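Here is the file model29.txt (compact mmCIF, C-alpha atoms).
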# COMPACT_ATOMS: atom_id res chain seq x y z
CA MET A 1123 -10.93 -9.63 -7.83
CA THR A 1124 -9.60 -13.15 -7.72
CA GLU A 1125 -6.45 -14.34 -5.99
CA ASP A 1126 -4.77 -14.53 -9.42
CA ASP A 1127 -5.75 -10.91 -10.06
CA TYR A 1128 -4.27 -9.99 -6.69
CA HIS A 1129 -0.96 -11.61 -7.61
CA ARG A 1130 -0.93 -9.44 -10.76
CA TYR A 1131 -1.69 -6.42 -8.57
CA ILE A 1132 1.25 -7.25 -6.27
CA GLY A 1133 3.51 -7.71 -9.30
CA ALA A 1134 2.54 -4.26 -10.61
CA PHE A 1135 3.06 -2.72 -7.15
CA ASN A 1136 6.49 -4.30 -6.74
CA ALA A 1137 7.45 -3.08 -10.23
CA GLN A 1138 6.13 0.42 -9.38
CA ASP A 1139 3.92 0.11 -12.47
CA TYR A 1140 1.35 2.69 -11.37
CA ALA A 1141 -0.51 2.70 -14.70
CA THR A 1142 -1.27 -1.02 -14.32
CA LEU A 1143 -2.12 -0.62 -10.63
CA GLU A 1144 -4.68 2.04 -11.47
CA THR A 1145 -6.58 -0.43 -13.68
CA PHE A 1146 -7.54 -2.23 -10.45
CA PHE A 1147 -8.96 0.95 -8.84
CA ALA A 1148 -12.35 2.60 -9.07
CA ASP A 1149 -12.04 6.28 -10.01
CA ASP A 1150 -13.02 7.39 -6.51
CA PHE A 1151 -11.01 4.83 -4.55
CA VAL A 1152 -9.52 5.63 -1.14
CA LEU A 1153 -6.33 4.30 0.46
CA GLU A 1154 -6.20 4.76 4.23
CA ASN A 1155 -2.71 4.47 5.61
CA ALA A 1156 -1.02 5.44 8.88
CA GLY A 1157 -3.62 8.02 9.89
CA PHE A 1158 -4.09 9.74 6.52
CA ALA A 1159 -6.10 9.07 3.37
CA VAL A 1160 -5.15 9.17 -0.30
CA ARG A 1161 -8.25 9.81 -2.42
CA GLY A 1162 -8.30 9.03 -6.12
CA LYS A 1163 -5.80 7.96 -8.72
CA ALA A 1164 -4.02 11.32 -9.01
CA ALA A 1165 -3.43 11.49 -5.25
CA PHE A 1166 -2.25 7.87 -5.30
CA ARG A 1167 0.38 8.67 -7.93
CA GLN A 1168 1.43 11.82 -6.08
CA PHE A 1169 1.85 9.96 -2.79
CA TYR A 1170 3.89 7.10 -4.27
CA ALA A 1171 5.97 9.40 -6.51
CA PHE A 1172 7.05 11.06 -3.27
CA PHE A 1173 7.35 8.01 -1.00
CA HIS A 1174 9.07 5.66 -3.46
CA THR A 1175 11.78 8.26 -4.01
CA PHE A 1176 12.84 7.63 -0.41
CA CYS A 1177 11.74 4.07 0.26
CA ARG A 1178 11.45 0.86 -1.76
CA GLU A 1179 8.48 -1.37 -0.92
CA GLU A 1180 8.49 -5.06 -1.79
CA VAL A 1181 5.25 -6.93 -1.08
CA GLU A 1182 5.51 -10.58 -0.09
CA PHE A 1183 2.23 -12.52 -0.41
CA LYS A 1184 1.13 -14.63 2.57
CA GLY A 1185 -2.61 -15.21 2.11
CA TYR A 1186 -5.85 -14.21 0.40
CA PHE A 1187 -9.21 -14.37 2.17
CA PRO A 1188 -12.24 -13.62 -0.03
CA GLY A 1189 -15.38 -12.10 1.45
CA LYS A 1190 -18.79 -10.88 0.40
CA ASN A 1191 -17.82 -7.39 -0.89
CA GLY A 1192 -14.06 -7.69 -1.09
CA PHE A 1193 -11.19 -9.57 0.44
CA VAL A 1194 -8.44 -9.43 3.03
CA ALA A 1195 -4.83 -10.05 2.09
CA ASN A 1196 -2.06 -11.02 4.47
CA VAL A 1197 1.25 -9.60 3.23
CA VAL A 1198 4.66 -8.68 4.53
CA ILE A 1199 5.90 -5.39 3.13
CA HIS A 1200 9.68 -5.01 3.14
CA PHE A 1201 10.49 -1.29 3.41
CA THR A 1202 14.05 -0.34 2.37
CA GLY A 1203 15.41 3.17 2.89
CA LEU A 1204 16.82 4.60 -0.36
CA GLN A 1205 17.39 8.29 0.50
CA GLU A 1206 17.40 10.27 3.71
CA LEU A 1207 13.84 11.11 4.77
CA SER A 1208 13.03 13.03 7.92
CA GLN A 1209 9.93 12.96 10.08
CA ALA A 1210 9.60 16.70 9.34
CA GLN A 1211 9.34 15.96 5.59
CA LEU A 1212 6.61 13.41 6.26
CA ASP A 1213 4.79 15.77 8.61
CA GLU A 1214 4.92 18.62 6.04
CA ARG A 1215 3.07 16.46 3.53
CA GLY A 1216 0.48 15.27 6.03
CA TYR A 1217 1.99 11.79 6.45
CA SER A 1218 2.83 12.16 10.13
CA GLY A 1219 1.69 8.60 10.93
CA MET A 1220 4.55 7.19 8.87
CA THR A 1221 8.05 6.51 10.15
CA PRO A 1222 11.18 7.16 8.05
CA ILE A 1223 13.35 4.14 7.23
CA PRO A 1224 17.11 4.78 7.52
CA VAL A 1225 19.06 4.56 4.26
CA GLY A 1226 20.20 1.00 3.58
CA MET A 1227 17.98 -0.55 6.26
CA THR A 1228 15.17 -2.98 5.40
CA VAL A 1229 12.25 -3.35 7.78
CA PRO A 1230 9.66 -6.13 7.23
CA VAL A 1231 6.15 -5.30 8.45
CA GLU A 1232 3.27 -7.78 8.35
CA PHE A 1233 -0.14 -6.39 7.34
CA TYR A 1234 -3.70 -7.56 7.00
CA ILE A 1235 -5.17 -5.33 4.29
CA HIS A 1236 -8.90 -5.03 3.71
CA TYR A 1237 -9.87 -4.34 0.10
CA LYS A 1238 -13.48 -3.30 -0.46
CA LEU A 1239 -14.66 -3.80 -4.02
CA GLY A 1240 -17.12 -1.54 -5.81
CA ASP A 1241 -18.61 -1.47 -9.28
CA TYR A 1242 -17.14 -3.89 -11.80
CA GLY A 1243 -15.09 -5.57 -9.06
CA LEU A 1244 -12.67 -2.64 -8.85
CA ILE A 1245 -10.99 -1.67 -5.59
CA HIS A 1246 -12.98 1.09 -3.91
CA HIS A 1247 -11.32 1.25 -0.49
CA ILE A 1248 -8.05 -0.05 0.99
CA LYS A 1249 -7.33 -0.07 4.70
CA GLY A 1250 -4.53 -1.98 6.40
CA ALA A 1251 -3.77 -3.14 9.89
CA VAL A 1252 -0.29 -3.92 11.11
CA TRP A 1253 0.11 -7.36 12.67
CA MET A 1254 1.88 -7.12 16.02
CA PRO A 1255 3.09 -10.62 16.98
CA GLU A 1256 3.48 -11.69 20.58
CA THR A 1257 6.93 -10.96 21.93

Rewrite the structure of this file - the entire thing - as structure tokens.
Amino acid sequence: MTEDDYHRYIGAFNAQDYATLETFFADDFVLENAGFAVRGKAAFRQFYAFFHTFCREEVEFKGYFPGKNGFVANVVIHFTGLQELSQAQLDERGYSGMTPIPVGMTVPVEFYIHYKLGDYGLIHHIKGAVWMPET
């Protein structure tokens, strides 16, 4: 996946165009996020159908760092609360590592996301780390 491809990926994510996003994924891809894993395209759609009902995510590109079997992207994700979401609702679905965003509030979070590529250059594994700047 080139940097240009990644910009198309971000565009599809920001538009919540899941069908286009899935064209970047291997069939057996895994997204690790906040202490849980989403495995496969169906689980990906199920997770985001739930989460994007309550929270808008807007990805801001900061950098692209290619590697041998994938790449790392530096992004800021702006999370905006759309509907009331409780920690209990997240916990019930197995997403206890996530934190609800209050309605109307936007929280920017900087990430370094590691994308491992598999066959045909498709994303096989996604795992992010939150950047915690010095205070």

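Computed from the coordinates, the atom CA of A:Asp1127 to atom CA of A:Gly1157 distance equals 27.6 Å.
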
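The space separating atom CA of A:Asn1136 from atom CA of A:Asn1191 comes to 25.2 Å.
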
Near A:Leu1153, counting only C-alpha atoms, which residues have an atom at most 10 Å away, once you skip same-chain residues fewer than 5 positions from it, shown as an MDAnalysis selection string? chainID A and resid 1158:1163 1165:1166 1237 1245:1250

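Counting all atoms listed in the file and comparing A:Met1227, A:Ile1199, A:Ala1134, A:Leu1204, the residue that lies closest to A:Phe1173 is A:Leu1204.
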
Counting only C-alpha atoms, figure out which residue out of A:Gln1168, A:Phe1176, A:Tyr1186, A:Phe1151 gets nearest to A:His1129.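 Smallest distance to A:His1129 is found for A:Tyr1186.
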